[in-house]
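Some notes on the structure that comes next.
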Amino acid sequence: MKKTRNYLLAVSSLVIGALVFVSADHIDAPSSAGTTADIADFYAFEPTEGSDNTVFVVDLQSNVLPDLAYGTFDEDVLTEINIDLDGDLVEDQVIQAIVKDGRMYFFGPVAPTQAGLSSQVYTDAALGDVEISDSSAIVETTSSGVSLFAGPRQDPFFFDFFQFNAVISPELDSAPGGFLPPEEAADTFDGANTMSIVVEIPNSMLGTPTATNALGLSVYKTWVTTNRKQ
Amino acid sequence: MKLRQSIYFTALILAFGLAVSCSDDDNGTMSYMDDDMMSDDMMDDDMSVDFTGTFMQVDHLGRPGINTTLSVDMEGEASIKDAHNTTIPSEMVATFQTGFQARLEQYHDVYALKLGLDPADVNYENNILGLDAATLTTVLAADVLEVAPDVPTTYFNPGTDFDNDGRILVPDGDEVALTGRHPNDDIIDVSLILFFGGMEGTRFSGQDLDDDGMADLPRLTSDGVAVTADISAMFPYLGAPE
């Protein structure tokens, strides 16, 4: 009995750290949480079946709870979409986005001169720019067939986040049945907004991947970073 | 005529300015022009924009929910979640896989205790992808989102059976999965299935074992919610803010 209790205490101390705010990446870590550089979510998809384009969506600063207002883009924050073609987990192409005076400027895709944690804006590889939207979307399409957007949008992430916290709680009487059935579950993010950056780009501008996923399909390996001006 | 000459002259200056600026990209400054530079508001659209400086990484995201669910911060110690956000992907497996695997087992221990069982008897079981705990956490520790350029996007659709061979849950070489993430994809349920679903994806799914109308096993493989936001088929795909 005592042994069980001690074990429970040990498990509880390990689990407790994740109890506060947990979601796709929304407020995932103490240093970035709640800042203008906080990445909420990242999507990468084929817009329609058979399309030769790929869409990247970066959501920044999700409010997590619908009653909090979304913010604005920060001129000191550089967002980078990294694309690894050969599967070595080192970026071969980057697409950059940074806001200035109410417009989002995009650069790349360009092979970075330096991979890793430090970046500079590749001003000699301008891709295009777009006015920051308000509630109605302003879209730019460049001569190379790239579509650009930046502004507030609905946060499409869905998760019964309060129940998740109850589920992972080590308290024995906390959600012993696990998650709720669909008729009782609630999407915590219903009504939430986020600051979105969306790029739709022809695959020909990214290159042909040689990397494969766990099922052997050819894939780009991608990730997004935010980087703060020093 | 005069106006057109004026436009032409200004365009020349702008073009020259652009060339000069771009020839020296070390300073990170650029003179920027829009596609519609010949329009009446051409002077407004041209600006010298300063993008100088060094930017240091503060946040990282590949697959959704990985750092948040599998990194554990301990009071009084440096934040592993912060460290994850400033680690390059090629170094992530070596840095985080062991902790991720321990965390996966801890989640099972929590439910063993809630079910009144010995935590040593309730452990992760190989999932629908056939991955053991070490392999799954190795895959997840390299936090990148894979997107296929030429096959349909699905984060993972457990109902997919492209060759109609009846093997719905266990990939047998013909399924399309791990090919990106669409806003409609239920990535939380997929993650829960991979963590708690076992070989068939339904190991802990609220089963009523003794047929008394009450669930005997916890519901851990779905959080029960579907997308509520507006998703459009047209760029930029996400609904207008609420």
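Ordering of the structure tokens sets the chain letters (A, B, ...); residue numbers start at 1 within each chain; ligands are numbered from 1 in the order shown.
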
Check chain A with DSSP on the backbone and list each residue it calls strand (DSSP E), as a PDB file with N, CA and C atoms, in the first residue's frame.
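The result, stored in selection10.pdb:
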ATOM      1  N   ILE A  39       4.708  29.580 -31.548  1.00  0.00           N
ATOM      2  CA  ILE A  39       4.080  28.843 -32.642  1.00  0.00           C
ATOM      3  C   ILE A  39       2.926  28.033 -32.064  1.00  0.00           C
ATOM      4  N   ALA A  40       1.735  28.219 -32.617  1.00  0.00           N
ATOM      5  CA  ALA A  40       0.587  27.453 -32.150  1.00  0.00           C
ATOM      6  C   ALA A  40       0.456  26.156 -32.933  1.00  0.00           C
ATOM      7  N   ASP A  41       0.650  26.231 -34.253  1.00  0.00           N
ATOM      8  CA  ASP A  41       0.364  25.060 -35.066  1.00  0.00           C
ATOM      9  C   ASP A  41       1.044  25.144 -36.419  1.00  0.00           C
ATOM     10  N   PHE A  42       1.123  24.006 -37.076  1.00  0.00           N
ATOM     11  CA  PHE A  42       1.784  23.927 -38.384  1.00  0.00           C
ATOM     12  C   PHE A  42       1.058  22.873 -39.209  1.00  0.00           C
ATOM     13  N   TYR A  43       0.691  23.236 -40.427  1.00  0.00           N
ATOM     14  CA  TYR A  43       0.016  22.319 -41.343  1.00  0.00           C
ATOM     15  C   TYR A  43       0.791  22.308 -42.663  1.00  0.00           C
ATOM     16  N   ALA A  44       0.831  21.174 -43.302  1.00  0.00           N
ATOM     17  CA  ALA A  44       1.428  21.071 -44.638  1.00  0.00           C
ATOM     18  C   ALA A  44       0.593  20.052 -45.402  1.00  0.00           C
ATOM     19  N   PHE A  45       0.029  20.473 -46.539  1.00  0.00           N
ATOM     20  CA  PHE A  45      -0.891  19.567 -47.226  1.00  0.00           C
ATOM     21  C   PHE A  45      -0.993  19.875 -48.714  1.00  0.00           C
ATOM     22  N   ASN A  53       0.875  21.662 -56.181  1.00  0.00           N
ATOM     23  CA  ASN A  53       1.274  22.625 -55.147  1.00  0.00           C
ATOM     24  C   ASN A  53       1.282  21.971 -53.766  1.00  0.00           C
ATOM     25  N   THR A  54       2.015  22.613 -52.846  1.00  0.00           N
ATOM     26  CA  THR A  54       1.934  22.265 -51.428  1.00  0.00           C
ATOM     27  C   THR A  54       1.563  23.529 -50.664  1.00  0.00           C
ATOM     28  N   VAL A  55       0.702  23.363 -49.661  1.00  0.00           N
ATOM     29  CA  VAL A  55       0.282  24.478 -48.815  1.00  0.00           C
ATOM     30  C   VAL A  55       0.957  24.337 -47.452  1.00  0.00           C
ATOM     31  N   PHE A  56       1.525  25.449 -46.980  1.00  0.00           N
ATOM     32  CA  PHE A  56       2.057  25.503 -45.613  1.00  0.00           C
ATOM     33  C   PHE A  56       1.259  26.533 -44.827  1.00  0.00           C
ATOM     34  N   VAL A  57       0.787  26.138 -43.661  1.00  0.00           N
ATOM     35  CA  VAL A  57       0.072  27.053 -42.770  1.00  0.00           C
ATOM     36  C   VAL A  57       0.828  27.111 -41.452  1.00  0.00           C
ATOM     37  N   VAL A  58       1.207  28.308 -41.038  1.00  0.00           N
ATOM     38  CA  VAL A  58       1.826  28.507 -39.730  1.00  0.00           C
ATOM     39  C   VAL A  58       0.882  29.361 -38.900  1.00  0.00           C
ATOM     40  N   ASP A  59       0.456  28.845 -37.749  1.00  0.00           N
ATOM     41  CA  ASP A  59      -0.379  29.622 -36.840  1.00  0.00           C
ATOM     42  C   ASP A  59       0.463  30.079 -35.653  1.00  0.00           C
ATOM     43  N   LEU A  60       0.458  31.391 -35.413  1.00  0.00           N
ATOM     44  CA  LEU A  60       1.211  31.958 -34.303  1.00  0.00           C
ATOM     45  C   LEU A  60       0.253  32.461 -33.237  1.00  0.00           C
ATOM     46  N   VAL A  77      10.192  39.229 -35.167  1.00  0.00           N
ATOM     47  CA  VAL A  77      10.095  37.764 -35.228  1.00  0.00           C
ATOM     48  C   VAL A  77      10.121  37.307 -36.691  1.00  0.00           C
ATOM     49  N   LEU A  78      11.109  36.489 -37.022  1.00  0.00           N
ATOM     50  CA  LEU A  78      11.249  35.898 -38.350  1.00  0.00           C
ATOM     51  C   LEU A  78      10.722  34.461 -38.289  1.00  0.00           C
ATOM     52  N   THR A  79       9.731  34.158 -39.140  1.00  0.00           N
ATOM     53  CA  THR A  79       9.183  32.804 -39.215  1.00  0.00           C
ATOM     54  C   THR A  79       9.845  32.071 -40.377  1.00  0.00           C
ATOM     55  N   GLU A  80      10.298  30.855 -40.133  1.00  0.00           N
ATOM     56  CA  GLU A  80      10.959  30.072 -41.185  1.00  0.00           C
ATOM     57  C   GLU A  80      10.291  28.719 -41.352  1.00  0.00           C
ATOM     58  N   ILE A  81       9.921  28.394 -42.591  1.00  0.00           N
ATOM     59  CA  ILE A  81       9.464  27.049 -42.935  1.00  0.00           C
ATOM     60  C   ILE A  81      10.675  26.321 -43.507  1.00  0.00           C
ATOM     61  N   ASN A  82      11.075  25.251 -42.835  1.00  0.00           N
ATOM     62  CA  ASN A  82      12.272  24.504 -43.225  1.00  0.00           C
ATOM     63  C   ASN A  82      11.860  23.254 -43.993  1.00  0.00           C
ATOM     64  N   ILE A  83      12.582  22.949 -45.062  1.00  0.00           N
ATOM     65  CA  ILE A  83      12.250  21.795 -45.900  1.00  0.00           C
ATOM     66  C   ILE A  83      13.511  20.963 -46.128  1.00  0.00           C
ATOM     67  N   ASP A  84      13.453  19.726 -45.649  1.00  0.00           N
ATOM     68  CA  ASP A  84      14.556  18.777 -45.851  1.00  0.00           C
ATOM     69  C   ASP A  84      14.164  17.855 -46.996  1.00  0.00           C
ATOM     70  N   GLN A  93      16.000  23.739 -47.989  1.00  0.00           N
ATOM     71  CA  GLN A  93      15.336  24.947 -48.492  1.00  0.00           C
ATOM     72  C   GLN A  93      14.654  25.618 -47.307  1.00  0.00           C
ATOM     73  N   VAL A  94      14.618  26.950 -47.318  1.00  0.00           N
ATOM     74  CA  VAL A  94      13.812  27.657 -46.318  1.00  0.00           C
ATOM     75  C   VAL A  94      12.948  28.697 -47.018  1.00  0.00           C
ATOM     76  N   ILE A  95      11.753  28.878 -46.468  1.00  0.00           N
ATOM     77  CA  ILE A  95      10.878  29.981 -46.856  1.00  0.00           C
ATOM     78  C   ILE A  95      10.748  30.860 -45.612  1.00  0.00           C
ATOM     79  N   GLN A  96      11.021  32.147 -45.767  1.00  0.00           N
ATOM     80  CA  GLN A  96      10.996  33.061 -44.623  1.00  0.00           C
ATOM     81  C   GLN A  96       9.820  34.018 -44.730  1.00  0.00           C
ATOM     82  N   ALA A  97       9.302  34.444 -43.597  1.00  0.00           N
ATOM     83  CA  ALA A  97       8.244  35.451 -43.562  1.00  0.00           C
ATOM     84  C   ALA A  97       8.517  36.399 -42.409  1.00  0.00           C
ATOM     85  N   ILE A  98       8.424  37.698 -42.694  1.00  0.00           N
ATOM     86  CA  ILE A  98       8.628  38.702 -41.643  1.00  0.00           C
ATOM     87  C   ILE A  98       7.780  39.928 -41.968  1.00  0.00           C
ATOM     88  N   VAL A  99       7.186  40.495 -40.951  1.00  0.00           N
ATOM     89  CA  VAL A  99       6.265  41.615 -41.151  1.00  0.00           C
ATOM     90  C   VAL A  99       7.020  42.936 -41.018  1.00  0.00           C
ATOM     91  N   LYS A 100       6.596  43.895 -41.836  1.00  0.00           N
ATOM     92  CA  LYS A 100       7.144  45.253 -41.732  1.00  0.00           C
ATOM     93  C   LYS A 100       6.081  46.219 -42.212  1.00  0.00           C
ATOM     94  N   ARG A 103       2.827  44.883 -43.856  1.00  0.00           N
ATOM     95  CA  ARG A 103       2.901  43.900 -44.941  1.00  0.00           C
ATOM     96  C   ARG A 103       3.774  42.730 -44.490  1.00  0.00           C
ATOM     97  N   MET A 104       3.410  41.520 -44.923  1.00  0.00           N
ATOM     98  CA  MET A 104       4.229  40.346 -44.645  1.00  0.00           C
ATOM     99  C   MET A 104       5.097  40.098 -45.878  1.00  0.00           C
ATOM    100  N   TYR A 105       6.411  40.082 -45.693  1.00  0.00           N
ATOM    101  CA  TYR A 105       7.378  39.850 -46.763  1.00  0.00           C
ATOM    102  C   TYR A 105       7.859  38.406 -46.715  1.00  0.00           C
ATOM    103  N   PHE A 106       7.881  37.782 -47.887  1.00  0.00           N
ATOM    104  CA  PHE A 106       8.288  36.377 -47.976  1.00  0.00           C
ATOM    105  C   PHE A 106       9.567  36.265 -48.803  1.00  0.00           C
ATOM    106  N   PHE A 107      10.455  35.351 -48.403  1.00  0.00           N
ATOM    107  CA  PHE A 107      11.726  35.125 -49.095  1.00  0.00           C
ATOM    108  C   PHE A 107      11.927  33.626 -49.290  1.00  0.00           C
ATOM    109  N   GLY A 108      12.626  33.265 -50.380  1.00  0.00           N
ATOM    110  CA  GLY A 108      12.888  31.863 -50.667  1.00  0.00           C
ATOM    111  C   GLY A 108      11.889  31.322 -51.682  1.00  0.00           C
ATOM    112  N   PRO A 109      11.810  30.007 -51.863  1.00  0.00           N
ATOM    113  CA  PRO A 109      12.655  29.003 -51.200  1.00  0.00           C
ATOM    114  C   PRO A 109      14.118  29.186 -51.615  1.00  0.00           C
ATOM    115  N   VAL A 110      14.990  29.081 -50.645  1.00  0.00           N
ATOM    116  CA  VAL A 110      16.407  29.300 -50.899  1.00  0.00           C
ATOM    117  C   VAL A 110      17.191  28.340 -50.012  1.00  0.00           C
ATOM    118  N   SER A 118      20.622  29.982 -36.002  1.00  0.00           N
ATOM    119  CA  SER A 118      20.821  31.401 -36.269  1.00  0.00           C
ATOM    120  C   SER A 118      20.441  31.698 -37.718  1.00  0.00           C
ATOM    121  N   SER A 119      19.716  32.783 -37.940  1.00  0.00           N
ATOM    122  CA  SER A 119      19.247  33.097 -39.295  1.00  0.00           C
ATOM    123  C   SER A 119      19.431  34.564 -39.624  1.00  0.00           C
ATOM    124  N   ALA A 126      13.715  37.456 -52.711  1.00  0.00           N
ATOM    125  CA  ALA A 126      12.339  37.881 -52.429  1.00  0.00           C
ATOM    126  C   ALA A 126      11.340  37.009 -53.176  1.00  0.00           C
ATOM    127  N   LEU A 127      10.308  36.571 -52.465  1.00  0.00           N
ATOM    128  CA  LEU A 127       9.270  35.738 -53.062  1.00  0.00           C
ATOM    129  C   LEU A 127       8.030  36.571 -53.365  1.00  0.00           C
ATOM    130  N   GLY A 128       7.733  37.534 -52.512  1.00  0.00           N
ATOM    131  CA  GLY A 128       6.559  38.381 -52.691  1.00  0.00           C
ATOM    132  C   GLY A 128       6.141  38.940 -51.353  1.00  0.00           C
ATOM    133  N   ASP A 129       5.087  39.730 -51.348  1.00  0.00           N
ATOM    134  CA  ASP A 129       4.614  40.283 -50.088  1.00  0.00           C
ATOM    135  C   ASP A 129       3.123  40.503 -50.168  1.00  0.00           C
ATOM    136  N   VAL A 130       2.499  40.615 -49.013  1.00  0.00           N
ATOM    137  CA  VAL A 130       1.049  40.756 -48.969  1.00  0.00           C
ATOM    138  C   VAL A 130       0.677  41.635 -47.773  1.00  0.00           C
ATOM    139  N   GLU A 131      -0.324  42.472 -47.983  1.00  0.00           N
ATOM    140  CA  GLU A 131      -0.828  43.295 -46.884  1.00  0.00           C
ATOM    141  C   GLU A 131      -1.417  42.396 -45.800  1.00  0.00           C
ATOM    142  N   GLU A 140      -2.310  37.623 -52.190  1.00  0.00           N
ATOM    143  CA  GLU A 140      -1.450  37.964 -53.326  1.00  0.00           C
ATOM    144  C   GLU A 140      -1.056  36.676 -54.030  1.00  0.00           C
ATOM    145  N   THR A 141      -1.104  36.692 -55.343  1.00  0.00           N
ATOM    146  CA  THR A 141      -0.582  35.566 -56.111  1.00  0.00           C
ATOM    147  C   THR A 141       0.536  36.092 -57.004  1.00  0.00           C
ATOM    148  N   SER A 147       0.828  31.673 -53.824  1.00  0.00           N
ATOM    149  CA  SER A 147      -0.208  32.441 -53.131  1.00  0.00           C
ATOM    150  C   SER A 147       0.248  32.733 -51.707  1.00  0.00           C
ATOM    151  N   LEU A 148      -0.038  33.969 -51.269  1.00  0.00           N
ATOM    152  CA  LEU A 148       0.447  34.428 -49.967  1.00  0.00           C
ATOM    153  C   LEU A 148      -0.690  35.025 -49.157  1.00  0.00           C
ATOM    154  N   PHE A 149      -0.671  34.771 -47.852  1.00  0.00           N
ATOM    155  CA  PHE A 149      -1.666  35.348 -46.949  1.00  0.00           C
ATOM    156  C   PHE A 149      -1.031  35.518 -45.567  1.00  0.00           C
ATOM    157  N   ALA A 150      -1.433  36.571 -44.856  1.00  0.00           N
ATOM    158  CA  ALA A 150      -1.040  36.743 -43.448  1.00  0.00           C
ATOM    159  C   ALA A 150      -2.124  37.541 -42.742  1.00  0.00           C
ATOM    160  N   GLY A 151      -2.620  37.020 -41.641  1.00  0.00           N
ATOM    161  CA  GLY A 151      -3.627  37.743 -40.881  1.00  0.00           C
ATOM    162  C   GLY A 151      -4.365  36.830 -39.927  1.00  0.00           C
ATOM    163  N   PRO A 152      -5.316  37.387 -39.185  1.00  0.00           N
ATOM    164  CA  PRO A 152      -6.071  36.578 -38.232  1.00  0.00           C
ATOM    165  C   PRO A 152      -7.033  35.625 -38.938  1.00  0.00           C
ATOM    166  N   ARG A 153      -7.133  34.423 -38.429  1.00  0.00           N
ATOM    167  CA  ARG A 153      -8.041  33.394 -38.952  1.00  0.00           C
ATOM    168  C   ARG A 153      -8.568  32.582 -37.783  1.00  0.00           C
ATOM    169  N   GLN A 154      -9.594  31.806 -38.051  1.00  0.00           N
ATOM    170  CA  GLN A 154     -10.052  30.853 -37.043  1.00  0.00           C
ATOM    171  C   GLN A 154      -8.958  29.820 -36.778  1.00  0.00           C
ATOM    172  N   ASN A 193      -9.253  32.168 -32.258  1.00  0.00           N
ATOM    173  CA  ASN A 193      -8.587  32.685 -33.453  1.00  0.00           C
ATOM    174  C   ASN A 193      -7.079  32.609 -33.285  1.00  0.00           C
ATOM    175  N   THR A 194      -6.365  32.815 -34.386  1.00  0.00           N
ATOM    176  CA  THR A 194      -4.910  32.737 -34.368  1.00  0.00           C
ATOM    177  C   THR A 194      -4.374  33.670 -35.453  1.00  0.00           C
ATOM    178  N   MET A 195      -3.073  33.969 -35.398  1.00  0.00           N
ATOM    179  CA  MET A 195      -2.453  34.763 -36.464  1.00  0.00           C
ATOM    180  C   MET A 195      -1.815  33.787 -37.452  1.00  0.00           C
ATOM    181  N   SER A 196      -2.349  33.746 -38.675  1.00  0.00           N
ATOM    182  CA  SER A 196      -1.936  32.727 -39.641  1.00  0.00           C
ATOM    183  C   SER A 196      -1.060  33.304 -40.744  1.00  0.00           C
ATOM    184  N   ILE A 197      -0.092  32.509 -41.141  1.00  0.00           N
ATOM    185  CA  ILE A 197       0.706  32.780 -42.342  1.00  0.00           C
ATOM    186  C   ILE A 197       0.486  31.589 -43.263  1.00  0.00           C
ATOM    187  N   VAL A 198       0.025  31.845 -44.496  1.00  0.00           N
ATOM    188  CA  VAL A 198      -0.277  30.743 -45.413  1.00  0.00           C
ATOM    189  C   VAL A 198       0.478  30.960 -46.723  1.00  0.00           C
ATOM    190  N   VAL A 199       1.177  29.926 -47.160  1.00  0.00           N
ATOM    191  CA  VAL A 199       1.909  29.957 -48.426  1.00  0.00           C
ATOM    192  C   VAL A 199       1.496  28.736 -49.229  1.00  0.00           C
ATOM    193  N   GLU A 200       1.039  28.948 -50.458  1.00  0.00           N
ATOM    194  CA  GLU A 200       0.818  27.828 -51.375  1.00  0.00           C
ATOM    195  C   GLU A 200       1.826  27.960 -52.498  1.00  0.00           C
ATOM    196  N   ILE A 201       2.614  26.916 -52.713  1.00  0.00           N
ATOM    197  CA  ILE A 201       3.758  27.042 -53.609  1.00  0.00           C
ATOM    198  C   ILE A 201       3.865  25.820 -54.518  1.00  0.00           C
ATOM    199  N   PRO A 202       4.228  26.027 -55.795  1.00  0.00           N
ATOM    200  CA  PRO A 202       4.431  24.876 -56.684  1.00  0.00           C
ATOM    201  C   PRO A 202       5.569  23.981 -56.169  1.00  0.00           C
ATOM    202  N   TYR A 220       8.560  15.475 -48.307  1.00  0.00           N
ATOM    203  CA  TYR A 220       9.369  16.546 -47.731  1.00  0.00           C
ATOM    204  C   TYR A 220       9.299  16.383 -46.217  1.00  0.00           C
ATOM    205  N   LYS A 221      10.418  16.564 -45.541  1.00  0.00           N
ATOM    206  CA  LYS A 221      10.392  16.613 -44.070  1.00  0.00           C
ATOM    207  C   LYS A 221      10.483  18.080 -43.680  1.00  0.00           C
ATOM    208  N   THR A 222       9.439  18.571 -43.041  1.00  0.00           N
ATOM    209  CA  THR A 222       9.322  20.012 -42.847  1.00  0.00           C
ATOM    210  C   THR A 222       9.120  20.358 -41.373  1.00  0.00           C
ATOM    211  N   TRP A 223       9.516  21.554 -41.020  1.00  0.00           N
ATOM    212  CA  TRP A 223       9.237  22.073 -39.671  1.00  0.00           C
ATOM    213  C   TRP A 223       9.288  23.594 -39.741  1.00  0.00           C
ATOM    214  N   VAL A 224       8.663  24.197 -38.748  1.00  0.00           N
ATOM    215  CA  VAL A 224       8.625  25.654 -38.708  1.00  0.00           C
ATOM    216  C   VAL A 224       9.350  26.122 -37.454  1.00  0.00           C
ATOM    217  N   THR A 225      10.031  27.256 -37.597  1.00  0.00           N
ATOM    218  CA  THR A 225      10.674  27.865 -36.427  1.00  0.00           C
ATOM    219  C   THR A 225      10.316  29.343 -36.388  1.00  0.00           C
ATOM    220  N   THR A 226      10.322  29.905 -35.187  1.00  0.00           N
ATOM    221  CA  THR A 226      10.318  31.356 -35.041  1.00  0.00           C
ATOM    222  C   THR A 226      11.663  31.765 -34.464  1.00  0.00           C
ATOM    223  N   ASN A 227      12.103  32.941 -34.910  1.00  0.00           N
ATOM    224  CA  ASN A 227      13.447  33.391 -34.575  1.00  0.00           C
ATOM    225  C   ASN A 227      13.382  34.872 -34.207  1.00  0.00           C
ATOM    226  N   ARG A 228      13.919  35.212 -33.060  1.00  0.00           N
ATOM    227  CA  ARG A 228      13.785  36.584 -32.571  1.00  0.00           C
ATOM    228  C   ARG A 228      15.053  37.387 -32.854  1.00  0.00           C
ATOM    229  N   LYS A 229      14.838  38.652 -33.305  1.00  0.00           N
ATOM    230  CA  LYS A 229      15.958  39.536 -33.632  1.00  0.00           C
ATOM    231  C   LYS A 229      16.775  39.811 -32.378  1.00  0.00           C
TER     232      LYS A 229
END

Check the DSSP output for the backbone and give back, as a PyMOL selection string, the residues of range 25-200 of chain A in helix (DSSP H, G or I).
-> chain A and resi 123-125+161-168

Give me a file of those residues, with C-alpha atoms, as an mmCIF file, in the first residue's frame.
data_model
loop_
_atom_site.group_PDB
_atom_site.id
_atom_site.type_symbol
_atom_site.label_atom_id
_atom_site.label_comp_id
_atom_site.auth_asym_id
_atom_site.auth_seq_id
_atom_site.Cartn_x
_atom_site.Cartn_y
_atom_site.Cartn_z
ATOM 1 C CA THR A 123 16.796 39.663 -48.994
ATOM 2 C CA ASP A 124 18.202 38.632 -52.371
ATOM 3 C CA ALA A 125 15.580 35.876 -52.677
ATOM 4 C CA PHE A 161 -8.098 20.068 -23.669
ATOM 5 C CA PHE A 162 -9.722 20.306 -20.232
ATOM 6 C CA GLN A 163 -10.621 16.623 -20.301
ATOM 7 C CA PHE A 164 -7.083 15.789 -21.444
ATOM 8 C CA ASN A 165 -5.716 17.470 -18.333
ATOM 9 C CA ALA A 166 -8.121 15.403 -16.236
ATOM 10 C CA VAL A 167 -7.098 12.227 -18.088
ATOM 11 C CA ILE A 168 -3.371 12.628 -17.458
#

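Counting only C-alpha atoms, the residue from A:Gln114, A:Ser136, A:Ser204, A:Thr210 that sits nearest to chain B is A:Ser136.
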
6 Å contacts from chain B to chain A using only C-alpha atoms, as a count of residues only | 43

Can you work out the spacing between CA of Asp189 in chain B and CA of Leu129 in chain B in Å, to one decimal?
-> 14.7 Å

Choose the residue, out of B:Asp118, B:Thr138, B:Pro149, B:Asp50, that has the smallest atom-to-atom separation from Leu85 in chain A; count only C-alpha atoms.
->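 Nearest candidate to Leu85 in chain A out of B:Asp118, B:Thr138, B:Pro149, B:Asp50: B:Pro149.
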
Selection: 8 Å around Leu194 in chain B, only C-alpha atoms, excl. self and same-chain fewer than 5 positions, as a PyMOL selection string | chain B and resi 127-129+201
